[in-house]
Amino acid sequence: MNTRTLLLAGAAVAALSPAAHAERGAQGQMNMIFWQAPSTLNLYLSTGTKDITAASLVLEPLANFDAKGDLVAKLAAEIPTLENGGVAQDSKSITWKLKDGVKWSDGTPLTAEDVKFTADYCMDESGGCAQAAKFTGIASVEVVDPLTVKINFTEARPYPYSAFVGGQAPIIQKAQFQDCTGERAPTCTEQNFAPIGTGPYRVTEFRTNDVATFEANPEYREADKPAFATVNLKGGGDSAGAARAVLETGEYDYAWNMQLAPETMGQMVAAGRGDFPTAFGAQVEHIFLNLTDPSPQLPEGERSTVAHPHPILGDIKVRQALSKAIDRQLLTEIGYGETGRATCDVVNAPEAFASNTQDCMAQDIEGAKALLDEAGWTVGGDGIREKDGRKLQLLFQTSVNPVRQDYQALIKQWWAEIGVGTELKTVDASVYFGTDPGSPDTINKFYADVEMFTDVYEGTDPGTFMAERACSKIPAPANQWQGENTGRFCDPAYDALIDEMGETADPARRAELAKQMNAMLTTQSMAMLPLTWRGRVSAVSNSLQGFDMNPWDTEFWNVADWTRAQ
Amino acid sequence: MLTYALRRIMLAIPTLLFISLVIFLLLELSPGDPLGDVPLTVPPEVKEKMREALGLGQAWYIRYVLWLKQFFWIEPLHWVDQLLGTDFSRGAQRIISFQSRSPVFDVIAERIPQTLKVVGFSYLVGVLIAIPIGIISAYKQYSWFDQLGTFISMVGFSMPTFFTGVVFIIVFAVNLQWFPSIYDTTLKVTDWASFWQQVRQMAMPVTVLALYNAAQISRFMRASMLDNLGQDYVRTARAKGLSERTVVLKHVLRNSLIPVVTVIALGLPAVFGGAIITEQVFKVNGLGQLLISAIHSNDIPMVLTLTFIFAILIVVFTLIADILYGILDPRIRYD
Amino acid sequence: MTENPHDALRSAELIRDSAATAAAGPGGALLPAGDPAAVAAAPNLTPASRSQWRDVWRQFRRHRGAMVALVLFAAIVLFVTVGPYIWTIDATFVDIRARNKGFSAAHPLGTDQLGRDMLARLMKGGQVSLAVGLTAMLIAVTLGTVIGILSGFFRRLDAPLMRMTELFLALPLLPLLLLMVTLFREPLGQAMGPGLGTFVLIVSAIGATSWMQAARIVRGDVLGLKEREFILAARSIGTPNLRMMTRHILPNVLSPIMVAATLGIATAIITESALSFLGLGFPPDFPTWGRLLYDAIEQMQMYPWRVILPGVFISLTVLTVNYIGDGLRDAMDPRIRGR
């Protein structure tokens with residue numbers, strides 16, 4: 001199959017070489033490498049970004065975010081808005097019109113029934129849909145006519161673009177999946193590994209956690225696209241090996257999700273075969289300060305709960321001092337180079353929501369010392385400050401990751417300069433980011449004084465993300481440690497702003513609220529110390545054209561336009 | 001010997017059941033989370049639903065018994081169906097992986113060829129190099145050959161494959177461009193060109209692994225030969241006028257093989273386990289990569305099934321080793 | 001976009017690899033760590049005449065390779081123990097202005113990506129790696145030898161002990177280690193301090209999971225040995241079992257044990273680094289040789305020395321221990337002695 005299509009493609013190139021650019025499947029094979037291999041192409045059952053990205057070669061949503069974070073219609077004819085009447089005046093429903101004439105790769109037409117089915121599939125209680133968050137608050141999905149579908153919300157939704165928007169919520173074919181709903185979902189291996197889609201490519205072979213091959217979709221709605229006849233998506237290895245295959249040996253055209261030291265990147269780019277395109281979205285590396293007491297002397301069930309405020313970090317002066325002692329610019333330069341930017345804000349993008357706070361940028365060791373003096377912490381014999389017989393000693397945990405370990409080493413040294421002792425701890429990422437209530441080492445349980453990880457939000461609107469800092473979302477034994485408010489920040493004034501944001505549709509007001517909340521979390525309370533605004537990075541060979549790094553959606557949002565450089 | 005083997009096989013069944021229980025409990029108690037990979041943007045309620053869909057809502061003993069039933073009853077039924085076209089297993093749930101939601105045995109079957117090709121072949125090469133080196137090193141103890149062999153095998157053993165693998169890639173794939181740095185598992189050998197491609201892509205991983213295995217086996221071979229070369233029976237054999245070749249290759253070698261057989265017998269199940277690092281470095285994606293990715297995402301059905309097959313192989317190969325002891329040294333009796 | 005547990009994976013494999021293929025480490029005796037000669041000899045510490053030990057030493061000295069190795073090994077030990085008192089830069093001190101420097105007077109072996117002094121890191125790292133490597137190897141070799149001898153010698157114990165060995169061989173290492181760390185890290189850390197607590201945890205984790213190969217090998221040898229004439233002779237004069245095992249069996253299975261011990265050190269040093277990458281090992285501000293080696297691999301083309309130096313130290317340690325082992329084995333074999 002593979003070789004035959006390749007041969008055909010070769011023949012096509014030979015016949016049409018001047019116009020090759022404008023011919024479907026004329027440019028042979030595109031080779032991609034994912035160092036985390038995709039496990040399934042049914043992203044509604046998947047657990048990772050790798051699967052969502054790979055599936056977006058095949059499946060498409062109604063609308064995507066483009067590289068600037070603006071919505072662009074994909075399967076929809078246009079983006080529904082209040083102005084064009086697509087969004088109801090009361091914000092309780094949204095009506096999408098589909099493009100006319102779109103066909104699935106098996107030749108059957110895409111209809112509103114497929115859209116409704118997708119929602120039903122994911123909203124099935126027993127299916128365990130991984131993207132269920134995209135479909136929350138939906139009362140019903142109605143088929144108005146074969147090309148129109150209306151989503152009714154249970155209550156007014158000021159920001160209605162969630163279901164069917166973005167690579168996480170594409171449309172799947174009803175005919176293919178109708179026997180695979182609910183509990184039967186995992187038994188449909190054939191369907192899950194080769195979903196029929198409307199996208200530029202279709203699956204020819206899928207081997208879980210290993211390799212997937214695709215070919216150009218003969219039914220794709222733009223006759224001259226995609227340019228490649230086949231796509232080979234190899235998985236496995238590590239970030240450095242994947243980058244090497246693109247930039248040093250030239251075996252591959254594209255490598256997804258690079259995490260490399262800046263020097264390594266510089267050296268690889270120097271070979272001149274390609275580059276690391278980077279774009280900045282919603283990922284920020286933060287330090288979270290535990291506002292509750294994680295002391296092991298407390299009985300189990302009371303550690304790190306609001307019942308016991310933190311004896312050291314409960315004092316805002318200490319938190320300010322810890323922040324002042326950190327040189328964010330230096331950290332970022334060493335850890336991320338071009339692929340990170342120092343930041344003082346929780347929300348840095350989109351532009352309208354960014355506060356661009358600068359007052360934490362300059363490191364101020366003396367200022368930090370003065371704050372600790374003011375707070376009553378005096379320097380003891382071993383250089384570590386003390387107060388009332390207690391040492392200013394903190395346990396700092398994070399996941400195993402070379403960049404994070406460098407951050408830990410630098411921060412430990414700066415904190416030592418102001419008289420704060422730090423004990424470092426690292427935890428395996430699958431445990432650290434897990435939610436097993438029995439494990440003491442998860443980010444939610446936070447049995448440490450300080451922890452560091454990258455927090456992120458989905459899409460371009462930070463509303464849900466800001467709402468995660470509500471008092472009610474503090475992890476505790478009562479909720480099986482399942483809240484998202486890891487730092488245990490709690491402020492009624494903040495909760496009031498969350499409520500207001502939930503009711504506000506006006507983008508300007510939303511942005512203003514987000515900035516206000518950002519300030520409350522950072523400069524005003526110092527509950528979170530943002531350090532680095534992280535870019536999304538991939539390795540792309542010079543031989544690939546049309547790649548446009550997108551921090552808001554899948555990187556394959558415009559894969560139909562990718563071509564081989566001549 | 002036969003009754004001994006039969007008794008061992010009977011005893012193996014409860015042993016294996018016990019091992020499966022221990023492995024299951026271990027996976028159950030260890031702190032990882034099958035949903036640890038889920039993006040932080042997914043809210044906790046959704047994670048709870050996903051957990052239920054994985055069947056994690058049930059008590060551990062129910063899940064354990066279910067797995068036993070699937071492993072020993074449904075999967076064999078399924079194979080029978082496949083072979084004879086019958087319909088016994090219709091509707092019955094096979095063992096499903098948490099990660100890919102596909103039947104565990106299908107994935108394992110997909111992975112076996114590349115593991116056998118790369119890891120199995122390198123083991124074979126390793127053994128074939130190691131035994132002669134071990135013999136010569138011992139026979140000519142402290143000769144230059146022995147010194148060199150010792151040096152290379154010790155350096156080879158103390159350099160982890162995550163290091164040698166990357167060095168090979170940088171030298172042979174990046175600088176010299178002789179071999180591909182990434183193994184193509186979809187390559188089918190149909191003609192000389194594709195065969196040559198297969199050889200080229202196997203060259204580096206096989207070399208790295210073979211060196212590592214050979215280093216270890218040759219050391220045991222040498223030590224054991226040395227022990228035997230000093231024995232009285234060797235002097236007797238020489239005194240009888242047997243040729244040096246007969247003395248060394250027949251008498252000494254045979255008596256020296258016991259520890260080597262042990263090492264090899266323990267190494268063969270490990271072939272099935274795959275070579276985790278080497279597979280990772282060269283992207284071979286065999287069983288080792290499967291196991292490690294399953295462990296990391298706490299894919300309990302996959303890890304349990306893989307390790308259990310591994311356990312069966314260990315039990316089988318230790319039994320084979322025990323029988324071989326008896327053949328190599330007739331004085332060893334088990335009854 | 002979120003975190004990748006896979007960062008750490010690479011390392012995980014190390015563990016499997018080392019355990020599955022290498023798992024060599026079997027070992028010495030219930031002695032504290034320390035002088036390898038004493039350790040290797042320890043199993044033989046039955047009432048032997050002083051002159052016999054003098055004989056062994058005399059023979060050992062004649063083994064040139066072993067003597068060179070002993071001197072080198074002592075030098076390595078001095079380097080990591082006394083070295084830090086002479087070269088007093090703190091191994092964890094970050095000097096941003098001196099990042100990625102080559103060899104210079106201020107930093108004879110250069111600096112790493114955070115400007116930490118490599119010489120100091122190699123010394124500090126060596127302390128941990130040597131201690132872990134030797135102790136874990138001792139635990140594993142001791143366990144393996146005891147279990148192997150018992151199971152080969154007493155038919156009654158054979159089946160249960162060997163089934164237990166199979167169980168341990170079959171256990172997936174990574175979940176086991178994760179579990180051990182989760183259960184014991186905090187209690188041990190509180191009881192003994194974070195450094196020592198982790199040390200005990202790591203050493204016992206590595207030791208407890210790498211004795212199986214040695215046990216199988218020793219048992220295989222013992223099965224054959226116990227049918228030999230000299231054992232029958234010893235039995236016929238009523239030698240008690242304990243004495244039989246220590247005086248007659250053990251000395252004759254010493255050479256595979258030595259090999260297992262040598263290989264075990266290398267395995268333990270590498271496994272320790274694998275544990276660190278999983279967050280199961282020492283806190284990140286404890287350099288170790290294995291970790292220095294692993295961390296430097298990504299930038300091997302730019303800073304080759306950062307890979308070569310820890311690599312050389314690991315290999316040199318393994319090589320010297322191997323030659324010392326060879327020398328000892330020869331020196332203690334009365335058939336070779338005096339040849």
# chains A, B, ... in the order shown; residues from 1 in each chain; ligands from 1
$ closest_atom_pairs --of "chain A" --to "chain C" --cutoff "7 Å" --atoms "only C-alpha atoms" --output "tab-separated table"
residue	atom	partner	partner_atom	distance
A:Thr49	CA	C:Met1	CA	6.7
A:Ala240	CA	C:Glu298	CA	6.6
A:Thr264	CA	C:Gln299	CA	6.0
A:Val400	CA	C:Gly279	CA	5.8
A:Asn401	CA	C:Asp7	CA	6.2
A:Gln405	CA	C:Pro284	CA	6.5
A:Ala409	CA	C:Asp285	CA	6.8
A:Leu410	CA	C:Val94	CA	6.7
A:Leu424	CA	C:Pro283	CA	5.8
A:Lys425	CA	C:Pro283	CA	5.2
A:Thr426	CA	C:Gly279	CA	4.7
A:Val427	CA	C:Gly279	CA	4.4
A:Asp428	CA	C:Leu278	CA	4.9
A:Ala429	CA	C:Pro5	CA	4.3
A:Ser430	CA	C:Pro5	CA	4.9
A:Thr454	CA	C:Thr2	CA	6.8
$ interface_residues --of "chain B" --to "chain C" --cutoff "7 Å" --atoms "only C-alpha atoms" --output "ChimeraX atom specification"
/B:15,19,23,26-27,29-31,37,39-40,154-155,158-159,163,219-220,223-224,230,258-259,262,267,270,275-277,292,296,307,310-311,314-315,329,331-332
$ write_last_selection --atoms "N, CA and C atoms" --output "mmCIF file, in the first residue's frame"
data_model
loop_
_atom_site.group_PDB
_atom_site.id
_atom_site.type_symbol
_atom_site.label_atom_id
_atom_site.label_comp_id
_atom_site.auth_asym_id
_atom_site.auth_seq_id
_atom_site.Cartn_x
_atom_site.Cartn_y
_atom_site.Cartn_z
ATOM 1 N N THR B 15 2.726 -21.365 42.079
ATOM 2 C CA THR B 15 3.745 -20.311 42.157
ATOM 3 C C THR B 15 3.350 -19.140 41.265
ATOM 4 N N ILE B 19 2.567 -15.333 42.159
ATOM 5 C CA ILE B 19 3.321 -14.223 41.569
ATOM 6 C C ILE B 19 2.368 -13.200 40.962
ATOM 7 N N ILE B 23 2.194 -9.301 41.978
ATOM 8 C CA ILE B 23 2.388 -8.219 41.000
ATOM 9 C C ILE B 23 1.173 -7.300 40.981
ATOM 10 N N LEU B 26 1.131 -5.133 43.998
ATOM 11 C CA LEU B 26 2.195 -4.153 43.896
ATOM 12 C C LEU B 26 1.763 -2.974 43.020
ATOM 13 N N LEU B 27 1.195 -3.298 41.866
ATOM 14 C CA LEU B 27 0.751 -2.241 40.960
ATOM 15 C C LEU B 27 -0.370 -1.437 41.593
ATOM 16 N N LEU B 29 -0.864 -0.909 44.786
ATOM 17 C CA LEU B 29 -0.433 -0.080 45.904
ATOM 18 C C LEU B 29 0.538 1.026 45.496
ATOM 19 N N SER B 30 1.216 0.836 44.371
ATOM 20 C CA SER B 30 2.218 1.850 44.043
ATOM 21 C C SER B 30 1.506 3.144 43.649
ATOM 22 N N PRO B 31 2.162 4.270 43.903
ATOM 23 C CA PRO B 31 1.437 5.535 43.937
ATOM 24 C C PRO B 31 1.114 6.160 42.588
ATOM 25 N N ASP B 37 -1.162 11.398 33.138
ATOM 26 C CA ASP B 37 -0.776 12.017 31.875
ATOM 27 C C ASP B 37 -1.826 12.993 31.350
ATOM 28 N N PRO B 39 -3.929 16.111 30.752
ATOM 29 C CA PRO B 39 -3.548 17.515 30.953
ATOM 30 C C PRO B 39 -4.208 18.120 32.198
ATOM 31 N N LEU B 40 -3.508 19.078 32.796
ATOM 32 C CA LEU B 40 -4.039 19.715 34.000
ATOM 33 C C LEU B 40 -5.323 20.476 33.713
ATOM 34 N N MET B 154 34.975 -4.847 30.757
ATOM 35 C CA MET B 154 34.659 -4.057 31.950
ATOM 36 C C MET B 154 34.207 -2.654 31.569
ATOM 37 N N VAL B 155 34.908 -2.038 30.618
ATOM 38 C CA VAL B 155 34.481 -0.707 30.176
ATOM 39 C C VAL B 155 33.105 -0.821 29.523
ATOM 40 N N SER B 158 30.501 -1.180 32.217
ATOM 41 C CA SER B 158 30.242 -0.047 33.105
ATOM 42 C C SER B 158 29.715 1.167 32.342
ATOM 43 N N MET B 159 29.774 1.126 31.009
ATOM 44 C CA MET B 159 29.175 2.213 30.229
ATOM 45 C C MET B 159 27.733 1.838 29.924
ATOM 46 N N PHE B 163 24.362 5.647 27.207
ATOM 47 C CA PHE B 163 25.527 6.424 26.790
ATOM 48 C C PHE B 163 26.090 5.902 25.469
ATOM 49 N N ARG B 219 32.723 -12.725 31.144
ATOM 50 C CA ARG B 219 33.349 -12.708 32.473
ATOM 51 C C ARG B 219 33.014 -13.982 33.240
ATOM 52 N N PHE B 220 31.756 -14.370 33.201
ATOM 53 C CA PHE B 220 31.372 -15.588 33.932
ATOM 54 C C PHE B 220 32.030 -16.812 33.310
ATOM 55 N N ALA B 223 35.725 -16.909 34.388
ATOM 56 C CA ALA B 223 35.922 -17.273 35.793
ATOM 57 C C ALA B 223 35.693 -18.761 35.994
ATOM 58 N N SER B 224 34.664 -19.258 35.354
ATOM 59 C CA SER B 224 34.321 -20.652 35.558
ATOM 60 C C SER B 224 35.370 -21.573 34.924
ATOM 61 N N GLY B 230 42.203 -25.594 36.893
ATOM 62 C CA GLY B 230 43.134 -25.974 37.947
ATOM 63 C C GLY B 230 42.781 -27.289 38.631
ATOM 64 N N ILE B 258 28.042 -24.567 33.873
ATOM 65 C CA ILE B 258 26.889 -24.399 34.762
ATOM 66 C C ILE B 258 26.553 -22.926 35.061
ATOM 67 N N PRO B 259 27.531 -22.143 35.522
ATOM 68 C CA PRO B 259 27.161 -20.744 35.759
ATOM 69 C C PRO B 259 26.749 -20.019 34.481
ATOM 70 N N THR B 262 23.250 -20.718 33.691
ATOM 71 C CA THR B 262 22.369 -19.945 34.561
ATOM 72 C C THR B 262 22.199 -18.535 34.020
ATOM 73 N N GLY B 267 18.911 -14.739 31.092
ATOM 74 C CA GLY B 267 18.958 -13.686 30.081
ATOM 75 C C GLY B 267 17.890 -13.853 29.023
ATOM 76 N N ALA B 270 14.708 -12.259 29.644
ATOM 77 C CA ALA B 270 14.948 -10.819 29.548
ATOM 78 C C ALA B 270 14.879 -10.350 28.099
ATOM 79 N N ALA B 275 14.882 -4.645 25.582
ATOM 80 C CA ALA B 275 15.948 -3.840 26.145
ATOM 81 C C ALA B 275 15.440 -2.424 26.221
ATOM 82 N N ILE B 276 15.078 -2.025 27.420
ATOM 83 C CA ILE B 276 14.313 -0.792 27.522
ATOM 84 C C ILE B 276 15.074 0.414 26.995
ATOM 85 N N ILE B 277 16.297 0.585 27.454
ATOM 86 C CA ILE B 277 17.011 1.798 27.063
ATOM 87 C C ILE B 277 17.359 1.767 25.594
ATOM 88 N N ILE B 292 7.783 -0.128 29.542
ATOM 89 C CA ILE B 292 8.121 1.082 30.285
ATOM 90 C C ILE B 292 7.048 2.141 30.098
ATOM 91 N N HIS B 296 4.864 3.686 33.130
ATOM 92 C CA HIS B 296 4.803 5.112 33.396
ATOM 93 C C HIS B 296 3.410 5.662 33.354
ATOM 94 N N THR B 307 4.262 -8.577 32.614
ATOM 95 C CA THR B 307 5.136 -9.133 33.647
ATOM 96 C C THR B 307 4.747 -10.571 33.947
ATOM 97 N N PHE B 310 6.287 -12.673 31.409
ATOM 98 C CA PHE B 310 7.698 -12.683 31.789
ATOM 99 C C PHE B 310 7.943 -13.712 32.902
ATOM 100 N N ALA B 311 7.057 -13.704 33.883
ATOM 101 C CA ALA B 311 7.189 -14.645 34.998
ATOM 102 C C ALA B 311 7.089 -16.085 34.505
ATOM 103 N N ILE B 314 10.306 -16.985 33.007
ATOM 104 C CA ILE B 314 11.347 -17.196 34.006
ATOM 105 C C ILE B 314 11.224 -18.582 34.613
ATOM 106 N N VAL B 315 9.996 -18.929 34.966
ATOM 107 C CA VAL B 315 9.786 -20.243 35.563
ATOM 108 C C VAL B 315 10.207 -21.338 34.578
ATOM 109 N N ASP B 329 26.271 -32.105 34.335
ATOM 110 C CA ASP B 329 26.978 -32.741 35.446
ATOM 111 C C ASP B 329 26.103 -33.851 35.990
ATOM 112 N N ARG B 331 26.377 -35.878 38.138
ATOM 113 C CA ARG B 331 26.348 -36.103 39.583
ATOM 114 C C ARG B 331 25.175 -35.379 40.234
ATOM 115 N N ILE B 332 24.698 -34.305 39.594
ATOM 116 C CA ILE B 332 23.593 -33.544 40.173
ATOM 117 C C ILE B 332 22.316 -34.358 40.038
#
$ interface_residues --of "chain A" --to "chain B" --cutoff "7 Å" --atoms "only C-alpha atoms" --output "ChimeraX atom specification"
/A:39-40,47-48,126-130,132-133,186,189,208,210,236-237,245,248-249,430-431,433-436,438-439,456-458,482-483
$ closest_residue --among "B:Gly134, B:Ala265, B:Asp191, B:Phe24" --to "Ala214 in chain B" --atoms "only C-alpha atoms"
B:Gly134
$ closest_residue --among "A:Val143, A:Ile52, A:Met517, A:Ala370" --to "Val115 in chain A" --atoms "only C-alpha atoms"
A:Val143
$ atom_distance --atom1 "CA of Val260 in chain B" --atom2 "CA of Phe73 in chain C"
28.6 Å
$ closest_residue --among "B:Met1, B:Ala138, B:Val247, B:Val119" --to "Leu209 in chain B" --atoms "only C-alpha atoms"
B:Val119
$ atom_distance --atom1 "CA of Gly165 in chain B" --atom2 "CA of Leu211 in chain B"
11.2 Å
$ select_by_dssp --residues "range 400-497 of chain A" --states "strand (DSSP E or B)" --output "list in words"
Gly421, Thr422, Glu423, Leu424, Lys425, Thr426, Val427, Val450, Glu451, Met452, Phe453, Thr454 and Asp455 of chain A
$ residues_around --residues "range 7-12 of chain B" --least-positions-apart "4" --cutoff "8 Å" --atoms "only C-alpha atoms" --output "mmCIF file with all heavy atoms, in the first residue's frame"
data_model
loop_
_atom_site.group_PDB
_atom_site.id
_atom_site.type_symbol
_atom_site.label_atom_id
_atom_site.label_comp_id
_atom_site.auth_asym_id
_atom_site.auth_seq_id
_atom_site.Cartn_x
_atom_site.Cartn_y
_atom_site.Cartn_z
ATOM 1 N N THR B 3 10.231 -37.268 36.532
ATOM 2 C CA THR B 3 9.302 -36.996 37.635
ATOM 3 C C THR B 3 9.612 -35.645 38.258
ATOM 4 O O THR B 3 8.713 -34.903 38.631
ATOM 5 C CB THR B 3 9.404 -38.074 38.739
ATOM 6 O OG1 THR B 3 10.772 -38.306 38.981
ATOM 7 C CG2 THR B 3 8.694 -39.341 38.337
ATOM 8 N N LEU B 16 2.966 -19.438 40.052
ATOM 9 C CA LEU B 16 2.636 -18.372 39.110
ATOM 10 C C LEU B 16 1.402 -17.602 39.568
ATOM 11 O O LEU B 16 1.350 -16.385 39.451
ATOM 12 C CB LEU B 16 2.418 -18.957 37.716
ATOM 13 C CG LEU B 16 3.717 -19.294 36.989
ATOM 14 C CD1 LEU B 16 3.445 -20.081 35.728
ATOM 15 C CD2 LEU B 16 4.482 -18.021 36.672
ATOM 16 N N VAL B 315 9.996 -18.929 34.966
ATOM 17 C CA VAL B 315 9.786 -20.243 35.563
ATOM 18 C C VAL B 315 10.207 -21.338 34.578
ATOM 19 O O VAL B 315 10.904 -22.288 34.939
ATOM 20 C CB VAL B 315 8.310 -20.396 35.992
ATOM 21 C CG1 VAL B 315 8.012 -21.815 36.389
ATOM 22 C CG2 VAL B 315 8.011 -19.441 37.135
ATOM 23 N N LEU B 319 13.563 -23.843 34.966
ATOM 24 C CA LEU B 319 13.385 -25.287 34.928
ATOM 25 C C LEU B 319 14.318 -25.906 33.885
ATOM 26 O O LEU B 319 15.002 -26.907 34.149
ATOM 27 C CB LEU B 319 11.920 -25.619 34.613
ATOM 28 C CG LEU B 319 11.597 -27.100 34.421
ATOM 29 C CD1 LEU B 319 11.969 -27.877 35.672
ATOM 30 C CD2 LEU B 319 10.127 -27.293 34.100
#
$ residues_around --residues "Asn209 in chain A" --least-positions-apart "5" --cutoff "7 Å" --atoms "only C-alpha atoms" --output "ChimeraX atom specification"
/A:37-39,235
$ residues_around --residues "range 82-88 of chain C" --least-positions-apart "5" --cutoff "12 Å" --atoms "only C-alpha atoms" --output "PyMOL selection string"
chain C and resi 74-77+93+106-109+117-127
$ write_last_selection --atoms "N, CA and C atoms" --output "PDB file, in the first residue's frame"
ATOM      1  N   ALA C  74      42.646   2.819  45.775  1.00  0.00           N
ATOM      2  CA  ALA C  74      42.900   3.630  46.963  1.00  0.00           C
ATOM      3  C   ALA C  74      42.950   5.101  46.580  1.00  0.00           C
ATOM      4  N   ALA C  75      43.543   5.382  45.410  1.00  0.00           N
ATOM      5  CA  ALA C  75      43.613   6.772  44.969  1.00  0.00           C
ATOM      6  C   ALA C  75      42.222   7.335  44.747  1.00  0.00           C
ATOM      7  N   ILE C  76      41.344   6.530  44.145  1.00  0.00           N
ATOM      8  CA  ILE C  76      39.968   7.006  43.913  1.00  0.00           C
ATOM      9  C   ILE C  76      39.289   7.278  45.249  1.00  0.00           C
ATOM     10  N   VAL C  77      39.481   6.348  46.187  1.00  0.00           N
ATOM     11  CA  VAL C  77      38.851   6.531  47.491  1.00  0.00           C
ATOM     12  C   VAL C  77      39.382   7.797  48.159  1.00  0.00           C
ATOM     13  N   PHE C  93      27.679  24.939  44.711  1.00  0.00           N
ATOM     14  CA  PHE C  93      27.692  26.389  44.597  1.00  0.00           C
ATOM     15  C   PHE C  93      27.533  26.812  43.145  1.00  0.00           C
ATOM     16  N   ALA C 106      40.988  28.252  37.938  1.00  0.00           N
ATOM     17  CA  ALA C 106      39.919  28.381  38.934  1.00  0.00           C
ATOM     18  C   ALA C 106      39.068  27.110  38.974  1.00  0.00           C
ATOM     19  N   HIS C 107      38.891  26.499  37.823  1.00  0.00           N
ATOM     20  CA  HIS C 107      38.105  25.268  37.755  1.00  0.00           C
ATOM     21  C   HIS C 107      38.891  24.250  36.933  1.00  0.00           C
ATOM     22  N   PRO C 108      39.745  23.477  37.577  1.00  0.00           N
ATOM     23  CA  PRO C 108      40.661  22.603  36.836  1.00  0.00           C
ATOM     24  C   PRO C 108      39.935  21.665  35.864  1.00  0.00           C
ATOM     25  N   LEU C 109      38.735  21.230  36.198  1.00  0.00           N
ATOM     26  CA  LEU C 109      38.014  20.338  35.292  1.00  0.00           C
ATOM     27  C   LEU C 109      36.798  21.023  34.679  1.00  0.00           C
ATOM     28  N   ASP C 117      31.436  23.763  39.982  1.00  0.00           N
ATOM     29  CA  ASP C 117      32.786  23.258  39.713  1.00  0.00           C
ATOM     30  C   ASP C 117      32.764  21.741  39.513  1.00  0.00           C
ATOM     31  N   MET C 118      33.266  21.295  38.361  1.00  0.00           N
ATOM     32  CA  MET C 118      33.198  19.867  38.038  1.00  0.00           C
ATOM     33  C   MET C 118      34.075  19.025  38.954  1.00  0.00           C
ATOM     34  N   LEU C 119      35.264  19.546  39.292  1.00  0.00           N
ATOM     35  CA  LEU C 119      36.152  18.775  40.164  1.00  0.00           C
ATOM     36  C   LEU C 119      35.456  18.485  41.490  1.00  0.00           C
ATOM     37  N   ALA C 120      34.862  19.536  42.062  1.00  0.00           N
ATOM     38  CA  ALA C 120      34.174  19.350  43.336  1.00  0.00           C
ATOM     39  C   ALA C 120      32.989  18.395  43.173  1.00  0.00           C
ATOM     40  N   ARG C 121      32.306  18.507  42.034  1.00  0.00           N
ATOM     41  CA  ARG C 121      31.144  17.640  41.832  1.00  0.00           C
ATOM     42  C   ARG C 121      31.565  16.179  41.668  1.00  0.00           C
ATOM     43  N   LEU C 122      32.703  15.978  40.989  1.00  0.00           N
ATOM     44  CA  LEU C 122      33.171  14.600  40.828  1.00  0.00           C
ATOM     45  C   LEU C 122      33.564  13.998  42.172  1.00  0.00           C
ATOM     46  N   MET C 123      34.174  14.825  43.040  1.00  0.00           N
ATOM     47  CA  MET C 123      34.555  14.313  44.365  1.00  0.00           C
ATOM     48  C   MET C 123      33.315  13.976  45.178  1.00  0.00           C
ATOM     49  N   LYS C 124      32.410  14.939  45.230  1.00  0.00           N
ATOM     50  CA  LYS C 124      31.201  14.733  46.012  1.00  0.00           C
ATOM     51  C   LYS C 124      30.377  13.578  45.424  1.00  0.00           C
ATOM     52  N   GLY C 125      30.291  13.579  44.107  1.00  0.00           N
ATOM     53  CA  GLY C 125      29.519  12.526  43.452  1.00  0.00           C
ATOM     54  C   GLY C 125      30.112  11.158  43.708  1.00  0.00           C
ATOM     55  N   GLY C 126      31.455  11.111  43.730  1.00  0.00           N
ATOM     56  CA  GLY C 126      32.127   9.846  43.972  1.00  0.00           C
ATOM     57  C   GLY C 126      31.812   9.281  45.342  1.00  0.00           C
ATOM     58  N   GLN C 127      31.716  10.166  46.327  1.00  0.00           N
ATOM     59  CA  GLN C 127      31.388   9.669  47.680  1.00  0.00           C
ATOM     60  C   GLN C 127      30.093   8.876  47.633  1.00  0.00           C
TER      61      GLN C 127
END
